[in-house]
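Following: one structure in structure tokens, then a few remarks.
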Amino acid sequence: MKFQEIIVKNRELEGCDNESKYKVTILSNIMVHQSKEICEYFLRMESINAKVSLGEYDNIVQDSKKNQNQNVNAVLIFWEACNFINGLHYKIDSLSQLEFQNIEEKIKDEIDRVLVNLKDIPLILINRFSLLAFNQFSLVKNRADQMIKNLNAYLEDASSNNMRLIDIDKVISRLSIQSSVDLRCYYSSKTLYSVSFYKKYFEYIRPIFLAETGKIKKALIFDCDNTLWKGVLGEDGFDNIWMYEEVQYLALQLAQKGVIIGLCSKNNPQDVNNVLTSHPDMILKDNNIIIKKVNWNDKVSNLRSIAKDLNIDIGSLVFIDDSSFEIELVKKELPEVSSFQVPSKEYEYGLMVREVSNLFYNPLETKEDIQKAKIYKDQFKRSIDKERSGNIESYLESLGLVLTVYIDDLNYSSRIAQMTQKTNQFNLTTKRYSKNEIERFIKDKCKIVISINVSDKYGDSGITGLSILDIDNYEIDTLLLSCRILGRNIEYKFIDIIVNIAQNKGVTKLNSEYIKTTKNQQVADFYEKCEFIKTGEVNGNSKYSLHFNNYKRKDIKYIEVKNGK
Amino acid sequence: MESRIKKAISDVFNIDTNLINNDSSPDNIENWDSLKHMDLIVTLEEEFGIEFTDEEIVDSMSYTLIVNILKNNNSCGS
């Protein structure tokens, strides 16, 4: 896309609501003004209402201090070695050993200061240092290599959980040094990177922002013929199909990290099952595949029913198919699904799947992610039993549900942060928090962070519910449940638990709020169902209050509550 | 070619195409500062598939000067 089109489109996409802006600050020691437009564009195209501001030229340390308390969601730093001092890239080999060390020490000291200043910012992105553009011809290891290596090691050691290091060299390599760097403007105005570079760069780092704002993909759905294997099973037969081994290995690795792998294929189900269970060359096994829609229905309906069965938003699906007809149909009917066609050059297929894998970027890998395959399989057993049993209440009673409650438990801070970032549907306020912020709340005496683990006779769903109470303000700041435990009245039991905990803290009432998003319609009247009194409504957002004197506990007998500590 | 240049100036500086004439320059277009000038250069380079020299970047500080530079550039499609 041309820069001109980006400028125009970006203007169209700019929202007017100041409150809900996702604020990004870009700090740099070079000129980066063109990054603003492109960063905003890439995020706004993903419905992240981004507002990017730029720091002063070569003022990273001071600017990091300024951004401390500005409610900034993310800080991105372009810290270029060539401008550590003016002309470092050509002076470096003339420096005395002492001067060389002094520069390195100065930068290390500045890294420390910047990271301290930014410690409460939810997300910090720093490019790994690079002098590739200037050092590309050097045949022997030189001081530039040495300094870059030392400082990158330092950066790595200083890394904290709100920080992501970006391999800028990968972006430069994909595009070429010549296209990434505009020396014409570097010597005149310290503008190092080209517009083409920024386009590739923000495309590359976009998944980090998607993960941070709960928009990351959750499921990878494959067609079968000419997608998982070469050949058409129904025509060529079991013995005459050839596995796309690389693609299957990559999919397996995603499955092991908690990505849901599924099939959506027009085939005879029995034929596909035979391949999954007994083809000697299959890398993905039947137990890695969480959901199968192998039938003769159209793919749009099948993808819709996959999202419904998994109880996830359809926008969190990624779909790969070899047929341009199917891909075009899905793109047209379900634009929110990311659809990819198997490349016509077979040898590029592995690379494509690697690129697609980034859409599942997950910085905080948790126990729940790794067990996800089992958790979702358990979910299906439950839904089959539910259909059989007919009567919901008696079915729920048969489950043996146990909620284990953890209060202010630091062990779960990663998972808690992840839930605030990923949960969209049963989420009353959709406030996204970083691990650092969660840890701060846990330590804060005025806040209570309550997480619940859900298990039943089919298995353990892990930590899947969260509420954050602000005791000083009598307020439920956050209330959310993971979609995989919905439909079991756990939410009502959770309100009982919250009221009990608040009462124990001497609180007599709680205020709460429903903040409307495009995805949380199902909980619009949840507080009313729990007998909270509505106290106001603005633009679809409602405020409520509950005096405990008036609260009748639902007291659901078939859900047992245990104390986690 | 003139209409494409005007469209580029209009999009980059967020002004109506009708307001752009032979005299248009940083003197009478408020948004046309040195940073936005670089945005205009990139836009023109992408639009016409050319590369300005560093001198041309400095010398292209008005609508008329841009037209002259692009006209002198043989590789520039119409």
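Simple scheme: letters A, B, ... for chains in structure tokens order, numbers from 1 for residues in each chain, numbers from 1 for ligands in the order shown.
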Return as a Markdown table the residues of chain B lying at most 10 Å from chain A, together with the closest atom-to-atom pair for each and the distance in Å to one decimal, counting only C-alpha atoms, with rows in chain order and ascending residue number.
| residue | atom | partner | partner_atom | distance |
| --- | --- | --- | --- | --- |
| B:Lys7 | CA | A:Gln4 | CA | 9.4 |
| B:Ala8 | CA | A:Gln4 | CA | 6.9 |
| B:Ile9 | CA | A:Gln4 | CA | 9.6 |
| B:Ser10 | CA | A:Val8 | CA | 9.9 |
| B:Asp11 | CA | A:Val8 | CA | 6.3 |
| B:Val12 | CA | A:Ile7 | CA | 6.8 |
| B:Phe13 | CA | A:Ile7 | CA | 9.7 |
| B:Asn14 | CA | A:Val8 | CA | 8.5 |
| B:Ser34 | CA | A:Ser189 | CA | 10.0 |
| B:Leu35 | CA | A:His33 | CA | 7.3 |
| B:Lys36 | CA | A:Gln34 | CA | 8.9 |
| B:Met38 | CA | A:Gln34 | CA | 8.7 |
| B:Asp39 | CA | A:Gln34 | CA | 7.3 |
| B:Leu40 | CA | A:Gln4 | CA | 8.4 |
| B:Val42 | CA | A:Phe3 | CA | 7.3 |
| B:Thr43 | CA | A:Gln4 | CA | 5.5 |
| B:Leu44 | CA | A:Gln4 | CA | 8.6 |
| B:Glu45 | CA | A:Phe3 | CA | 9.9 |
| B:Glu46 | CA | A:Lys2 | CA | 6.6 |
| B:Glu47 | CA | A:Lys2 | CA | 7.8 |
| B:Phe52 | CA | A:Arg184 | CA | 9.5 |
| B:Thr53 | CA | A:Arg184 | CA | 7.8 |
| B:Asp54 | CA | A:Arg184 | CA | 6.1 |
| B:Glu55 | CA | A:Arg184 | CA | 9.8 |
| B:Ile57 | CA | A:Cys185 | CA | 9.5 |
Using only C-alpha atoms, which protein or nucleic acid residues come within 10 Å of stretch 107-112 of chain A? Drop anything in the same chain fewer than 6 positions from it, and give the result as a PDB file with C-alpha atoms, in the first residue's frame.
ATOM      1  CA  ILE A  60      15.090   9.063  25.118  1.00  0.00           C
ATOM      2  CA  VAL A  61      16.023   9.231  28.797  1.00  0.00           C
ATOM      3  CA  GLN A  62      14.236  12.502  29.539  1.00  0.00           C
ATOM      4  CA  TRP A  79      17.653   3.553  19.799  1.00  0.00           C
ATOM      5  CA  ALA A  81      23.804   2.809  17.603  1.00  0.00           C
ATOM      6  CA  PHE A  84      24.943   7.057  20.196  1.00  0.00           C
ATOM      7  CA  GLN A 101      34.177   1.749  26.944  1.00  0.00           C
ATOM      8  CA  LEU A 118       9.085   2.955  32.156  1.00  0.00           C
ATOM      9  CA  ASN A 150      27.649  -6.379  24.438  1.00  0.00           C
ATOM     10  CA  LEU A 151      24.751  -3.966  24.521  1.00  0.00           C
ATOM     11  CA  ASN A 152      22.258  -6.508  23.250  1.00  0.00           C
ATOM     12  CA  TYR A 154      22.899  -6.146  28.477  1.00  0.00           C
ATOM     13  CA  LEU A 155      19.438  -5.375  27.142  1.00  0.00           C
ATOM     14  CA  ALA A 158      17.715  -6.139  31.855  1.00  0.00           C
TER      15      ALA A 158
END
Please provide the set of residues having any atom within 6 Å of stretch 264-272 of chain A, restricted to only C-alpha atoms, with same-chain residues fewer than 5 positions apart removed, written as a ChimeraX atom specification. /A:222-224,293-296
Using C-alpha atoms, can you write the selected residues to a file as a PDB file, in the first residue's frame?
ATOM      1  CA  PHE A 222      -7.075 -26.440   8.044  1.00  0.00           C
ATOM      2  CA  ASP A 223      -8.756 -27.834   5.002  1.00  0.00           C
ATOM      3  CA  CYS A 224      -7.432 -31.399   4.367  1.00  0.00           C
ATOM      4  CA  LYS A 293     -16.038 -30.321  10.654  1.00  0.00           C
ATOM      5  CA  VAL A 294     -15.569 -32.945   7.972  1.00  0.00           C
ATOM      6  CA  ASN A 295     -18.768 -33.066   5.940  1.00  0.00           C
ATOM      7  CA  TRP A 296     -20.284 -31.703   2.734  1.00  0.00           C
TER       8      TRP A 296
END
Residue set, stretch 16-167 of chain A restricted to strand (DSSP E or B), as a ChimeraX atom specification: /A:22-28,31,50-57,74-78,123-127,163-166
Which of stretch 104-341 of chain A end up as alpha helix (DSSP H) when DSSP is run on this backbone - answer as JSON, numbers by chain? {"A": [104, 105, 106, 107, 108, 109, 110, 111, 112, 113, 114, 115, 116, 117, 132, 133, 134, 135, 143, 144, 145, 146, 147, 148, 149, 150, 151, 152, 153, 154, 155, 156, 157, 158, 168, 169, 170, 171, 172, 173, 174, 175, 177, 178, 179, 180, 183, 184, 185, 186, 187, 188, 189, 195, 196, 197, 198, 199, 200, 201, 202, 203, 204, 205, 206, 207, 208, 209, 210, 211, 212, 233, 234, 235, 236, 245, 246, 247, 248, 249, 250, 251, 252, 253, 254, 255, 256, 269, 270, 271, 272, 273, 274, 275, 276, 277, 278, 299, 300, 301, 302, 303, 304, 305, 306, 307, 308, 309, 310, 324, 325, 326, 327, 328, 329, 330, 331, 332, 333]}
Write out as a compact mmCIF listing (two decimals) with C-alpha atoms, in the first residue's frame the residues lying within 8 Å of B:Lys6, counting only C-alpha atoms and excluding same-chain residues fewer than 4 positions away.
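File produced: around28.txt:
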# COMPACT_ATOMS: atom_id res chain seq x y z
CA GLU B 2 -0.29 17.83 -12.77
CA SER B 10 -3.83 17.65 -1.22
CA THR B 17 -7.20 20.15 -4.44
CA ILE B 20 -3.53 24.24 -5.04
Go through B:Asn72, B:Arg4, B:Ile15, B:Ile41 and flag the residue nearest B:Val58, using only C-alpha atoms for the distances.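 Using only C-alpha atoms, B:Val58 sits closest to B:Ile41.
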So which residues touch stretch 341-354 of chain A within 8 Å, counting only C-alpha atoms, skipping near sequence neighbours fewer than 6 positions away, as a ChimeraX atom specification? /A:227,246-247,250,320-324,327
Could you name the residues that touch A:Ser159 at 12 Å or less, counting only C-alpha atoms, but leaving out those on the same chain fewer than 6 positions away, as a ChimeraX atom specification? /A:111-112,114-116,118-119,123-126,128,152-153,165-166
Would you save the residues from that selection as a PDB file, in the first residue's frame, using C-alpha atoms?
ATOM      1  CA  ILE A 111      19.150   1.691  29.471  1.00  0.00           C
ATOM      2  CA  ASP A 112      18.851   1.287  33.251  1.00  0.00           C
ATOM      3  CA  VAL A 114      14.894   4.298  30.844  1.00  0.00           C
ATOM      4  CA  LEU A 115      13.707   0.923  32.125  1.00  0.00           C
ATOM      5  CA  VAL A 116      13.222   2.276  35.630  1.00  0.00           C
ATOM      6  CA  LEU A 118       9.085   2.955  32.156  1.00  0.00           C
ATOM      7  CA  LYS A 119       8.609   0.150  34.654  1.00  0.00           C
ATOM      8  CA  LEU A 123       4.245  -2.596  27.199  1.00  0.00           C
ATOM      9  CA  ILE A 124       7.740  -1.507  26.197  1.00  0.00           C
ATOM     10  CA  LEU A 125       9.142  -2.417  22.792  1.00  0.00           C
ATOM     11  CA  ILE A 126      12.836  -1.924  22.197  1.00  0.00           C
ATOM     12  CA  ARG A 128      17.759  -4.900  19.535  1.00  0.00           C
ATOM     13  CA  ASN A 152      22.258  -6.508  23.250  1.00  0.00           C
ATOM     14  CA  ALA A 153      23.373  -8.926  25.943  1.00  0.00           C
ATOM     15  CA  LEU A 165      12.880  -6.976  22.291  1.00  0.00           C
ATOM     16  CA  ILE A 166      12.453  -6.650  18.552  1.00  0.00           C
TER      17      ILE A 166
END
Got a sec: who's within 12 Å of A:Ala255, counting only C-alpha atoms, leaving out chain neighbours fewer than 3 positions off, as a PyMOL selection string? chain A and resi 218-221+248-252+258-262+283-290+357+360+369-374+376
Please dump the current selection as a JSON list (two decimals), in the first residue's frame; keep C-alpha atoms.
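Result saved to again-v9.json:
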[["chain", "number", "residue", "atom", "x", "y", "z"],
["A", 218, "LYS", "CA", -6.93, -18.54, 18.91],
["A", 219, "ALA", "CA", -7.64, -21.30, 16.40],
["A", 220, "LEU", "CA", -5.97, -22.50, 13.20],
["A", 221, "ILE", "CA", -8.38, -24.37, 10.94],
["A", 248, "GLN", "CA", 2.19, -30.38, 10.00],
["A", 249, "TYR", "CA", 5.22, -30.02, 12.25],
["A", 250, "LEU", "CA", 4.61, -26.28, 12.52],
["A", 251, "ALA", "CA", 0.93, -26.87, 13.30],
["A", 252, "LEU", "CA", 1.88, -29.45, 15.93],
["A", 258, "GLY", "CA", -2.11, -23.90, 23.14],
["A", 259, "VAL", "CA", -3.35, -22.92, 19.69],
["A", 260, "ILE", "CA", -6.53, -24.81, 18.82],
["A", 261, "ILE", "CA", -6.02, -26.85, 15.66],
["A", 262, "GLY", "CA", -9.12, -27.81, 13.72],
["A", 283, "ILE", "CA", 2.54, -35.79, 12.08],
["A", 284, "LEU", "CA", -0.61, -34.23, 13.53],
["A", 285, "LYS", "CA", -2.45, -36.94, 15.42],
["A", 286, "ASP", "CA", -6.12, -37.25, 16.16],
["A", 287, "ASN", "CA", -5.60, -36.00, 19.73],
["A", 288, "ASN", "CA", -3.96, -32.78, 18.46],
["A", 289, "ILE", "CA", -7.07, -31.91, 16.47],
["A", 290, "ILE", "CA", -9.55, -30.24, 18.77],
["A", 357, "SER", "CA", 2.06, -18.48, 13.25],
["A", 360, "PHE", "CA", -0.96, -16.55, 17.57],
["A", 369, "ASP", "CA", -2.26, -22.69, 27.31],
["A", 370, "ILE", "CA", -0.33, -25.92, 27.28],
["A", 371, "GLN", "CA", -3.28, -27.94, 28.52],
["A", 372, "LYS", "CA", -5.71, -26.21, 26.22],
["A", 373, "ALA", "CA", -6.11, -29.17, 23.87],
["A", 374, "LYS", "CA", -7.30, -31.33, 26.75],
["A", 376, "TYR", "CA", -11.30, -28.11, 24.87]]
How many Å lie between atom CA of A:Leu399 and atom CA of A:Tyr458, rounded to one decimal?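 Taking atom CA of A:Leu399 and atom CA of A:Tyr458, their separation equals 7.7 Å.
Here atom CA of A:Val356 and atom CA of A:Phe42 stand 16.6 Å from one another.
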